[in-house]
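What follows is the content of data-v5.cif (mmCIF, C-alpha atoms).
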```cif
data_start
loop_
_atom_site.group_PDB
_atom_site.id
_atom_site.type_symbol
_atom_site.label_atom_id
_atom_site.label_comp_id
_atom_site.auth_asym_id
_atom_site.auth_seq_id
_atom_site.Cartn_x
_atom_site.Cartn_y
_atom_site.Cartn_z
ATOM 1 C CA MET A 9 -16.556 -12.784 36.146
ATOM 2 C CA SER A 10 -16.209 -9.185 37.267
ATOM 3 C CA ARG A 11 -16.275 -6.484 34.651
ATOM 4 C CA VAL A 12 -13.368 -4.058 34.649
ATOM 5 C CA GLY A 13 -13.280 -0.927 32.412
ATOM 6 C CA LYS A 14 -16.448 0.458 30.838
ATOM 7 C CA GLN A 15 -16.716 2.554 27.710
ATOM 8 C CA PRO A 16 -20.179 3.771 26.672
ATOM 9 C CA VAL A 17 -21.175 4.612 23.103
ATOM 10 C CA PRO A 18 -24.003 7.209 23.115
ATOM 11 C CA LEU A 19 -26.904 6.526 20.748
ATOM 12 C CA PRO A 20 -28.391 9.454 18.804
ATOM 13 C CA ASP A 21 -32.139 9.684 18.170
ATOM 14 C CA GLY A 22 -33.422 7.310 15.516
ATOM 15 C CA VAL A 23 -30.714 4.676 16.083
ATOM 16 C CA GLN A 24 -31.691 1.229 17.325
ATOM 17 C CA VAL A 25 -29.282 -1.424 18.584
ATOM 18 C CA ARG A 26 -30.071 -5.127 18.923
ATOM 19 C CA LEU A 27 -27.766 -7.597 20.633
ATOM 20 C CA ASP A 28 -28.353 -11.281 19.878
ATOM 21 C CA ASP A 29 -26.157 -14.409 19.668
ATOM 22 C CA GLY A 30 -22.863 -12.515 19.816
ATOM 23 C CA THR A 31 -23.903 -10.092 17.073
ATOM 24 C CA CYS A 32 -24.530 -6.365 17.355
ATOM 25 C CA ARG A 33 -27.005 -4.926 14.834
ATOM 26 C CA VAL A 34 -27.278 -1.164 14.458
ATOM 27 C CA GLN A 35 -30.143 0.342 12.466
ATOM 28 C CA GLY A 36 -30.510 4.023 11.637
ATOM 29 C CA PRO A 37 -31.769 6.453 9.002
ATOM 30 C CA ARG A 38 -29.152 5.418 6.409
ATOM 31 C CA GLY A 39 -29.389 1.646 6.783
ATOM 32 C CA GLU A 40 -28.414 -1.305 8.944
ATOM 33 C CA LEU A 41 -25.018 -2.765 9.865
ATOM 34 C CA ALA A 42 -24.094 -5.915 11.800
ATOM 35 C CA GLN A 43 -20.881 -6.973 13.530
ATOM 36 C CA ASP A 44 -19.930 -10.236 15.241
ATOM 37 C CA LEU A 45 -18.609 -9.679 18.761
ATOM 38 C CA HIS A 46 -15.837 -11.494 20.608
ATOM 39 C CA PRO A 47 -17.353 -13.774 23.291
ATOM 40 C CA GLU A 48 -15.074 -12.491 26.087
ATOM 41 C CA ILE A 49 -16.118 -8.828 25.671
ATOM 42 C CA GLY A 50 -19.402 -7.767 27.254
ATOM 43 C CA VAL A 51 -21.796 -5.484 25.387
ATOM 44 C CA ALA A 52 -25.037 -4.227 26.934
ATOM 45 C CA LEU A 53 -27.675 -1.544 26.366
ATOM 46 C CA ASP A 54 -28.103 0.998 29.180
ATOM 47 C CA ASP A 55 -30.157 4.240 29.054
ATOM 48 C CA GLY A 56 -29.565 5.141 25.417
ATOM 49 C CA GLU A 57 -25.950 3.971 25.439
ATOM 50 C CA VAL A 58 -24.130 0.832 24.395
ATOM 51 C CA VAL A 59 -21.736 -0.118 27.212
ATOM 52 C CA VAL A 60 -18.679 -2.216 26.345
ATOM 53 C CA THR A 61 -16.916 -3.990 29.230
ATOM 54 C CA ARG A 62 -13.933 -6.320 29.552
ATOM 55 C CA PRO A 63 -13.301 -9.122 32.047
ATOM 56 C CA SER A 64 -9.742 -8.119 33.041
ATOM 57 C CA ASP A 65 -6.888 -5.723 32.348
ATOM 58 C CA ALA A 66 -4.943 -8.338 30.375
ATOM 59 C CA PRO A 67 -3.413 -6.832 27.203
ATOM 60 C CA ASN A 68 -5.539 -8.949 24.855
ATOM 61 C CA HIS A 69 -8.735 -7.980 26.721
ATOM 62 C CA ARG A 70 -7.784 -4.295 26.634
ATOM 63 C CA ALA A 71 -7.131 -4.522 22.885
ATOM 64 C CA LEU A 72 -10.425 -6.332 22.176
ATOM 65 C CA HIS A 73 -12.259 -3.843 24.403
ATOM 66 C CA GLY A 74 -11.035 -0.834 22.424
ATOM 67 C CA LEU A 75 -11.587 -2.573 19.101
ATOM 68 C CA THR A 76 -15.169 -3.555 19.964
ATOM 69 C CA ARG A 77 -16.013 -0.069 21.209
ATOM 70 C CA ALA A 78 -14.541 1.525 18.059
ATOM 71 C CA LEU A 79 -16.412 -0.876 15.747
ATOM 72 C CA ILE A 80 -19.743 -0.127 17.451
ATOM 73 C CA ALA A 81 -19.071 3.636 17.442
ATOM 74 C CA ASN A 82 -18.239 3.452 13.708
ATOM 75 C CA MET A 83 -21.465 1.553 13.009
ATOM 76 C CA VAL A 84 -23.490 4.194 14.891
ATOM 77 C CA GLU A 85 -21.748 7.007 12.993
ATOM 78 C CA GLY A 86 -22.195 5.167 9.685
ATOM 79 C CA VAL A 87 -25.955 4.698 9.988
ATOM 80 C CA THR A 88 -26.456 8.331 11.071
ATOM 81 C CA GLU A 89 -23.973 10.370 8.995
ATOM 82 C CA GLY A 90 -22.136 7.930 6.724
ATOM 83 C CA PHE A 91 -18.480 8.019 5.685
ATOM 84 C CA THR A 92 -16.685 9.678 2.784
ATOM 85 C CA LYS A 93 -13.168 9.284 1.396
ATOM 86 C CA SER A 94 -11.973 11.821 -1.163
ATOM 87 C CA LEU A 95 -9.405 11.124 -3.857
ATOM 88 C CA GLU A 96 -7.537 13.516 -6.155
ATOM 89 C CA ILE A 97 -6.281 12.645 -9.615
ATOM 90 C CA VAL A 98 -3.060 14.439 -10.591
ATOM 91 C CA GLY A 99 -1.576 14.301 -14.096
ATOM 92 C CA THR A 100 -2.017 15.816 -17.532
ATOM 93 C CA GLY A 101 -5.030 14.230 -19.201
ATOM 94 C CA TYR A 102 -5.879 12.128 -16.138
ATOM 95 C CA ARG A 103 -9.596 12.195 -15.339
ATOM 96 C CA ALA A 104 -12.534 10.270 -13.933
ATOM 97 C CA GLU A 105 -16.174 9.980 -14.938
ATOM 98 C CA LEU A 106 -19.260 8.043 -13.880
ATOM 99 C CA ARG A 107 -20.984 5.577 -16.191
ATOM 100 C CA GLY A 108 -24.083 4.414 -14.405
ATOM 101 C CA GLN A 109 -22.762 3.365 -11.012
ATOM 102 C CA SER A 110 -19.258 2.439 -12.142
ATOM 103 C CA LEU A 111 -16.228 4.732 -12.103
ATOM 104 C CA VAL A 112 -14.234 5.068 -15.331
ATOM 105 C CA LEU A 113 -10.632 6.265 -14.998
ATOM 106 C CA ASN A 114 -8.326 7.596 -17.718
ATOM 107 C CA VAL A 115 -4.944 7.605 -16.008
ATOM 108 C CA GLY A 116 -2.293 7.224 -18.683
ATOM 109 C CA PHE A 117 -2.892 3.635 -19.752
ATOM 110 C CA SER A 118 -3.736 2.632 -23.315
ATOM 111 C CA HIS A 119 -7.206 1.735 -22.040
ATOM 112 C CA GLN A 120 -9.803 3.050 -19.644
ATOM 113 C CA VAL A 121 -10.099 1.386 -16.248
ATOM 114 C CA GLU A 122 -13.658 0.694 -15.076
ATOM 115 C CA LEU A 123 -14.315 -0.001 -11.390
ATOM 116 C CA GLN A 124 -17.565 -1.412 -9.995
ATOM 117 C CA PRO A 125 -18.497 -0.214 -6.483
ATOM 118 C CA LEU A 126 -18.580 -2.665 -3.587
ATOM 119 C CA ASP A 127 -21.982 -3.371 -2.005
ATOM 120 C CA GLY A 128 -23.212 -0.347 -0.052
ATOM 121 C CA VAL A 129 -20.659 2.033 -1.625
ATOM 122 C CA THR A 130 -21.288 4.783 -4.187
ATOM 123 C CA PHE A 131 -19.019 7.025 -6.230
ATOM 124 C CA GLU A 132 -19.425 10.752 -6.781
ATOM 125 C CA VAL A 133 -17.327 12.670 -9.313
ATOM 126 C CA GLU A 134 -17.153 16.290 -8.161
ATOM 127 C CA SER A 135 -14.850 17.298 -11.009
ATOM 128 C CA PRO A 136 -12.807 15.258 -13.509
ATOM 129 C CA THR A 137 -9.939 15.242 -10.990
ATOM 130 C CA ARG A 138 -11.829 14.760 -7.715
ATOM 131 C CA VAL A 139 -13.697 11.588 -6.724
ATOM 132 C CA HIS A 140 -15.627 10.886 -3.508
ATOM 133 C CA VAL A 141 -16.420 7.417 -2.180
ATOM 134 C CA HIS A 142 -19.547 7.321 0.065
ATOM 135 C CA GLY A 143 -21.080 4.600 2.231
ATOM 136 C CA ILE A 144 -22.261 3.629 5.707
ATOM 137 C CA ASP A 145 -19.607 0.944 6.392
ATOM 138 C CA LYS A 146 -16.258 2.583 7.214
ATOM 139 C CA GLN A 147 -14.263 -0.518 6.268
ATOM 140 C CA ARG A 148 -15.894 -0.842 2.839
ATOM 141 C CA VAL A 149 -15.503 2.867 2.061
ATOM 142 C CA GLY A 150 -11.798 2.669 2.922
ATOM 143 C CA GLN A 151 -11.372 -0.552 0.948
ATOM 144 C CA GLN A 152 -13.051 0.935 -2.137
ATOM 145 C CA ALA A 153 -10.933 4.094 -1.914
ATOM 146 C CA ALA A 154 -7.792 1.932 -1.658
ATOM 147 C CA LEU A 155 -8.877 -0.062 -4.742
ATOM 148 C CA VAL A 156 -9.335 3.175 -6.711
ATOM 149 C CA ARG A 157 -5.940 4.514 -5.546
ATOM 150 C CA ARG A 158 -4.265 1.210 -6.456
ATOM 151 C CA VAL A 159 -5.107 1.702 -10.153
ATOM 152 C CA ARG A 160 -2.384 4.387 -10.401
ATOM 153 C CA PRO A 161 -0.674 5.211 -7.075
ATOM 154 C CA PRO A 162 1.218 8.523 -6.941
ATOM 155 C CA GLU A 163 4.755 8.214 -8.238
ATOM 156 C CA PRO A 164 7.634 9.989 -6.463
ATOM 157 C CA TYR A 165 9.281 11.808 -9.388
ATOM 158 C CA GLN A 166 6.480 13.910 -10.894
ATOM 159 C CA GLY A 167 3.728 13.207 -8.345
ATOM 160 C CA LYS A 168 1.282 11.918 -10.974
ATOM 161 C CA GLY A 169 -1.370 9.412 -9.974
ATOM 162 C CA ILE A 170 -4.359 8.971 -7.684
ATOM 163 C CA ARG A 171 -3.959 10.083 -4.073
ATOM 164 C CA TYR A 172 -6.131 10.607 -1.035
ATOM 165 C CA ARG A 173 -7.170 14.213 -0.543
ATOM 166 C CA GLY A 174 -4.541 15.880 1.627
ATOM 167 C CA GLU A 175 -2.001 13.052 1.168
ATOM 168 C CA GLN A 176 1.580 14.268 0.983
ATOM 169 C CA VAL A 177 3.637 12.530 -1.699
ATOM 170 C CA ARG A 178 7.366 12.433 -0.987
ATOM 171 C CA ARG A 179 9.183 13.611 -4.069
ATOM 172 C CA LYS A 180 12.575 12.382 -5.265
ATOM 173 C CA ALA A 181 15.143 14.512 -7.050
ATOM 174 C CA GLY A 182 15.528 12.379 -10.189
ATOM 175 C CA LYS A 183 18.527 12.390 -12.526
ATOM 176 C CA ARG A 184 21.003 15.213 -12.555
ATOM 177 C CA GLY A 185 22.936 15.795 -15.497
#
```
Once more with this new file: its structure as structure tokens, please.
Amino acid sequence: MSRVGKQPVPLPDGVQVRLDDGTCRVQGPRGELAQDLHPEIGVALDDGEVVVTRPSDAPNHRALHGLTRALIANMVEGVTEGFTKSLEIVGTGYRAELRGQSLVLNVGFSHQVELQPLDGVTFEVESPTRVHVHGIDKQRVGQQAALVRRVRPPEPYQGKGIRYRGEQVRRKAGKRG
């Protein structure tokens, strides 16, 4: 099987990659991540780079090739720098605080909402209206941020709720009368 298309992922100092039984393990200063690989996509180590190859230019092979390369690049970035998602809380009296490792939200309900972090994810409350989600696994950081946002998504009339930092909320006009 000839290998078409190559995409290398450079490895920074202090990052080790092991390939065994269709699994890629990346270890760095912040921790270790593992990812199962598709059997048709080739992954090899070559001079401080991880090289991802595909067997043909078929659309499914091209898609798996890009996906595999992106997953490995995200693992390398995660174990070296980590990932952060920032959330803003907008609304009168809406606020967040940390209790131990869990995040406690007061967002207009009759009760407080307490969220436990997923494995490998931590919360940071910069101010009562700004929360950061940190971790080395990009998927888990995004999932945790989505779970926090889901507690009170931004509403279109007054814009109150929890939103990603920089997210634009489309506003509606409301009643006229």
Practice problem: For each of A:Ala153, A:Leu113, A:Leu106, A:Val87, take the minimum atom-to-atom distance to Leu126 in chain A, counting only C-alpha atoms, then give the residue where this is smallest. | Solution: A:Ala153
Practice problem: Identify the residues around (16.5, 12.3, -14.0) within a radius of 12 Å, measuring from only C-alpha atoms in the coordinates stated by the file, and give them as a PyMOL selection string. | Solution: chain A and resi 164-166+180-185
Quiz prompt | Contact residues around Gly99 in chain A with all atoms listed in the file at 9 Å, ignoring same-chain residues under 6 positions, as number ranges by chain | solution = A: 115-116, 137, 166-170
Include C-alpha atoms and write out the residues we just selected as a CSV table (one decimal), keeping the file's coordinate frame.
```csv
chain,number,residue,atom,x,y,z
A,115,VAL,CA,-4.9,7.6,-16.0
A,116,GLY,CA,-2.3,7.2,-18.7
A,137,THR,CA,-9.9,15.2,-11.0
A,166,GLN,CA,6.5,13.9,-10.9
A,167,GLY,CA,3.7,13.2,-8.3
A,168,LYS,CA,1.3,11.9,-11.0
A,169,GLY,CA,-1.4,9.4,-10.0
A,170,ILE,CA,-4.4,9.0,-7.7
```
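When only C-alpha atoms are used to compute distances to Val58 in chain A, the closest of the residues A:Lys146, A:Gly101, A:Leu155, A:Arg77 turns out to be A:Arg77.
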Practice problem: Could you state which residues are captured by the PyMOL selection byres ((chain A and resi 142) around 10) in this file, as JSON, numbers by chain? | Solution: {"A": [90, 91, 92, 93, 94, 128, 129, 130, 131, 132, 139, 140, 141, 143, 144, 145, 146, 148, 149, 150, 152, 153]}
Range 50-154 of chain A near range 20-40 of chain A within 7 Å: what's each residue's closest atom pair and its distance in Å to one decimal, counting all atoms listed in the file, ordered by chain then ascending residue number, as CSV?
```
residue,atom,partner,partner_atom,distance
A:Met83,CA,A:Val34,CA,6.6
A:Val84,CA,A:Val34,CA,6.6
A:Val87,CA,A:Arg38,CA,4.9
A:Thr88,CA,A:Gly36,CA,5.9
```
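Once the PyMOL selection byres ((chain A and resi 114) around 10) is applied to the depicted file, the selected set reads Ile97, Gly101, Tyr102, Arg103, Ala104, Glu105, Val112, Leu113, Val115, Gly116, Phe117, Ser118, His119, Gln120, Val121, Glu122, Pro136 and Arg160 of chain A.
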Translate the PyMOL selection byres ((chain A and resi 110) around 7) into a concrete residue list for this structure, as a short mmCIF file (atom, residue, chain, number, x, y, z; two decimals) with C-alpha atoms, in the frame of the given file.
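Result saved to selection_32.cif:
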```cif
data_model
loop_
_atom_site.label_atom_id
_atom_site.label_comp_id
_atom_site.auth_asym_id
_atom_site.auth_seq_id
_atom_site.Cartn_x
_atom_site.Cartn_y
_atom_site.Cartn_z
CA LEU A 106 -19.26 8.04 -13.88
CA ARG A 107 -20.98 5.58 -16.19
CA GLY A 108 -24.08 4.41 -14.40
CA GLN A 109 -22.76 3.36 -11.01
CA LEU A 111 -16.23 4.73 -12.10
CA VAL A 112 -14.23 5.07 -15.33
CA GLU A 122 -13.66 0.69 -15.08
CA LEU A 123 -14.32 0.00 -11.39
CA GLN A 124 -17.57 -1.41 -9.99
CA PRO A 125 -18.50 -0.21 -6.48
#
```
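Interatomic distance, CA of Arg173 in chain A against CA of Val17 in chain A: 29.1 Å.
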Self-check item: Separation of CA of Leu19 in chain A from CA of Glu57 in chain A in Å
Solution: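 Separating CA of Glu57 in chain A from CA of Leu19 in chain A is a distance of 5.4 Å.
With CA of Val156 in chain A on one side and CA of Arg179 in chain A on the other, the separation reads 21.4 Å.
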Within 12 Å of Ala78 in chain A using all atoms listed in the file, minus same-chain residues under 2 positions, as a PDB file with C-alpha atoms, keeping the file's coordinate frame:
```pdb
ATOM      1  CA  GLN A  15     -16.716   2.554  27.710  1.00  0.00           C
ATOM      2  CA  PRO A  16     -20.179   3.771  26.672  1.00  0.00           C
ATOM      3  CA  VAL A  17     -21.175   4.612  23.103  1.00  0.00           C
ATOM      4  CA  GLN A  43     -20.881  -6.973  13.530  1.00  0.00           C
ATOM      5  CA  LEU A  45     -18.609  -9.679  18.761  1.00  0.00           C
ATOM      6  CA  VAL A  58     -24.130   0.832  24.395  1.00  0.00           C
ATOM      7  CA  VAL A  59     -21.736  -0.118  27.212  1.00  0.00           C
ATOM      8  CA  VAL A  60     -18.679  -2.216  26.345  1.00  0.00           C
ATOM      9  CA  ALA A  71      -7.131  -4.522  22.885  1.00  0.00           C
ATOM     10  CA  LEU A  72     -10.425  -6.332  22.176  1.00  0.00           C
ATOM     11  CA  HIS A  73     -12.259  -3.843  24.403  1.00  0.00           C
ATOM     12  CA  GLY A  74     -11.035  -0.834  22.424  1.00  0.00           C
ATOM     13  CA  LEU A  75     -11.587  -2.573  19.101  1.00  0.00           C
ATOM     14  CA  THR A  76     -15.169  -3.555  19.964  1.00  0.00           C
ATOM     15  CA  ILE A  80     -19.743  -0.127  17.451  1.00  0.00           C
ATOM     16  CA  ALA A  81     -19.071   3.636  17.442  1.00  0.00           C
ATOM     17  CA  ASN A  82     -18.239   3.452  13.708  1.00  0.00           C
ATOM     18  CA  MET A  83     -21.465   1.553  13.009  1.00  0.00           C
ATOM     19  CA  VAL A  84     -23.490   4.194  14.891  1.00  0.00           C
ATOM     20  CA  GLU A  85     -21.748   7.007  12.993  1.00  0.00           C
ATOM     21  CA  GLY A  86     -22.195   5.167   9.685  1.00  0.00           C
ATOM     22  CA  LYS A 146     -16.258   2.583   7.214  1.00  0.00           C
ATOM     23  CA  GLN A 147     -14.263  -0.518   6.268  1.00  0.00           C
TER      24      GLN A 147
END
```
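Residues in contact with Glu48 in chain A at up to 8 Å, not including ones fewer than 3 positions away on its chain and judged by only C-alpha atoms, are Arg62, Pro63 and His69 of chain A.
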Practice problem: Find the residue from A:Arg158, A:His46, A:Arg70, A:Leu95 that sits nearest to Tyr172 in chain A; use all atoms listed in the file when measuring. | Solution: A:Leu95
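Among the candidates A:Val133, A:Val98, A:Ala154, A:Leu79, the residue lying nearest to Val51 in chain A is A:Leu79 (atoms considered: all atoms listed in the file).
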Exercise. Rank A:Ala42, A:Asp55, A:Asp65, A:Val159 by their smallest atom-to-atom distance to Arg171 in chain A, using only C-alpha atoms, and report the top residue only.
Key: A:Val159
Would you mind completing range 105-134 of chain A to N, CA and C atoms and writing the output as a short mmCIF file (atom, residue, chain, number, x, y, z; two decimals), in the frame of the given file?
```
data_model
loop_
_atom_site.label_atom_id
_atom_site.label_comp_id
_atom_site.auth_asym_id
_atom_site.auth_seq_id
_atom_site.Cartn_x
_atom_site.Cartn_y
_atom_site.Cartn_z
N GLU A 105 -14.78 9.70 -14.61
CA GLU A 105 -16.17 9.98 -14.94
C GLU A 105 -17.03 8.81 -14.45
N LEU A 106 -18.31 9.08 -14.28
CA LEU A 106 -19.26 8.04 -13.88
C LEU A 106 -20.00 7.53 -15.10
N ARG A 107 -20.13 6.21 -15.19
CA ARG A 107 -20.98 5.58 -16.19
C ARG A 107 -21.93 4.67 -15.44
N GLY A 108 -23.15 5.14 -15.26
CA GLY A 108 -24.08 4.41 -14.40
C GLY A 108 -23.58 4.51 -12.98
N GLN A 109 -23.30 3.37 -12.37
CA GLN A 109 -22.76 3.36 -11.01
C GLN A 109 -21.26 3.14 -10.99
N SER A 110 -20.68 2.76 -12.13
CA SER A 110 -19.26 2.44 -12.14
C SER A 110 -18.42 3.68 -12.42
N LEU A 111 -17.18 3.64 -11.95
CA LEU A 111 -16.23 4.73 -12.10
C LEU A 111 -15.28 4.37 -13.24
N VAL A 112 -15.13 5.28 -14.20
CA VAL A 112 -14.23 5.07 -15.33
C VAL A 112 -13.06 6.03 -15.20
N LEU A 113 -11.84 5.47 -15.19
CA LEU A 113 -10.63 6.26 -15.00
C LEU A 113 -9.78 6.26 -16.26
N ASN A 114 -9.33 7.44 -16.66
CA ASN A 114 -8.33 7.60 -17.72
C ASN A 114 -7.07 8.11 -17.03
N VAL A 115 -6.12 7.22 -16.79
CA VAL A 115 -4.94 7.60 -16.01
C VAL A 115 -3.64 7.18 -16.69
N GLY A 116 -3.55 7.43 -17.98
CA GLY A 116 -2.29 7.22 -18.68
C GLY A 116 -2.06 5.84 -19.25
N PHE A 117 -3.03 4.95 -19.13
CA PHE A 117 -2.89 3.64 -19.75
C PHE A 117 -3.44 3.71 -21.17
N SER A 118 -3.21 2.67 -21.96
CA SER A 118 -3.74 2.63 -23.32
C SER A 118 -5.23 2.34 -23.33
N HIS A 119 -5.79 2.07 -22.16
CA HIS A 119 -7.21 1.74 -22.04
C HIS A 119 -7.80 2.45 -20.83
N GLN A 120 -9.11 2.50 -20.81
CA GLN A 120 -9.80 3.05 -19.64
C GLN A 120 -9.96 1.95 -18.60
N VAL A 121 -9.92 2.34 -17.34
CA VAL A 121 -10.10 1.39 -16.25
C VAL A 121 -11.48 1.63 -15.65
N GLU A 122 -12.30 0.58 -15.61
CA GLU A 122 -13.66 0.69 -15.08
C GLU A 122 -13.74 -0.07 -13.76
N LEU A 123 -14.19 0.61 -12.71
CA LEU A 123 -14.32 0.00 -11.39
C LEU A 123 -15.77 -0.06 -10.97
N GLN A 124 -16.21 -1.24 -10.52
CA GLN A 124 -17.57 -1.41 -9.99
C GLN A 124 -17.51 -1.14 -8.49
N PRO A 125 -18.51 -0.46 -7.93
CA PRO A 125 -18.50 -0.21 -6.48
C PRO A 125 -18.81 -1.49 -5.69
N LEU A 126 -18.23 -1.58 -4.50
CA LEU A 126 -18.58 -2.66 -3.59
C LEU A 126 -20.02 -2.46 -3.11
N ASP A 127 -20.61 -3.49 -2.53
CA ASP A 127 -21.98 -3.37 -2.00
C ASP A 127 -22.04 -2.28 -0.95
N GLY A 128 -23.03 -1.40 -1.04
CA GLY A 128 -23.21 -0.35 -0.05
C GLY A 128 -22.31 0.85 -0.24
N VAL A 129 -21.58 0.92 -1.36
CA VAL A 129 -20.66 2.03 -1.62
C VAL A 129 -21.07 2.70 -2.92
N THR A 130 -20.99 4.04 -2.96
CA THR A 130 -21.29 4.78 -4.19
C THR A 130 -20.15 5.73 -4.50
N PHE A 131 -20.02 6.06 -5.77
CA PHE A 131 -19.02 7.02 -6.23
C PHE A 131 -19.71 8.34 -6.53
N GLU A 132 -18.98 9.43 -6.35
CA GLU A 132 -19.42 10.75 -6.78
C GLU A 132 -18.22 11.43 -7.43
N VAL A 133 -18.40 11.95 -8.63
CA VAL A 133 -17.33 12.67 -9.31
C VAL A 133 -17.66 14.15 -9.23
N GLU A 134 -16.93 14.85 -8.35
CA GLU A 134 -17.15 16.29 -8.16
C GLU A 134 -16.63 17.08 -9.35
#
```
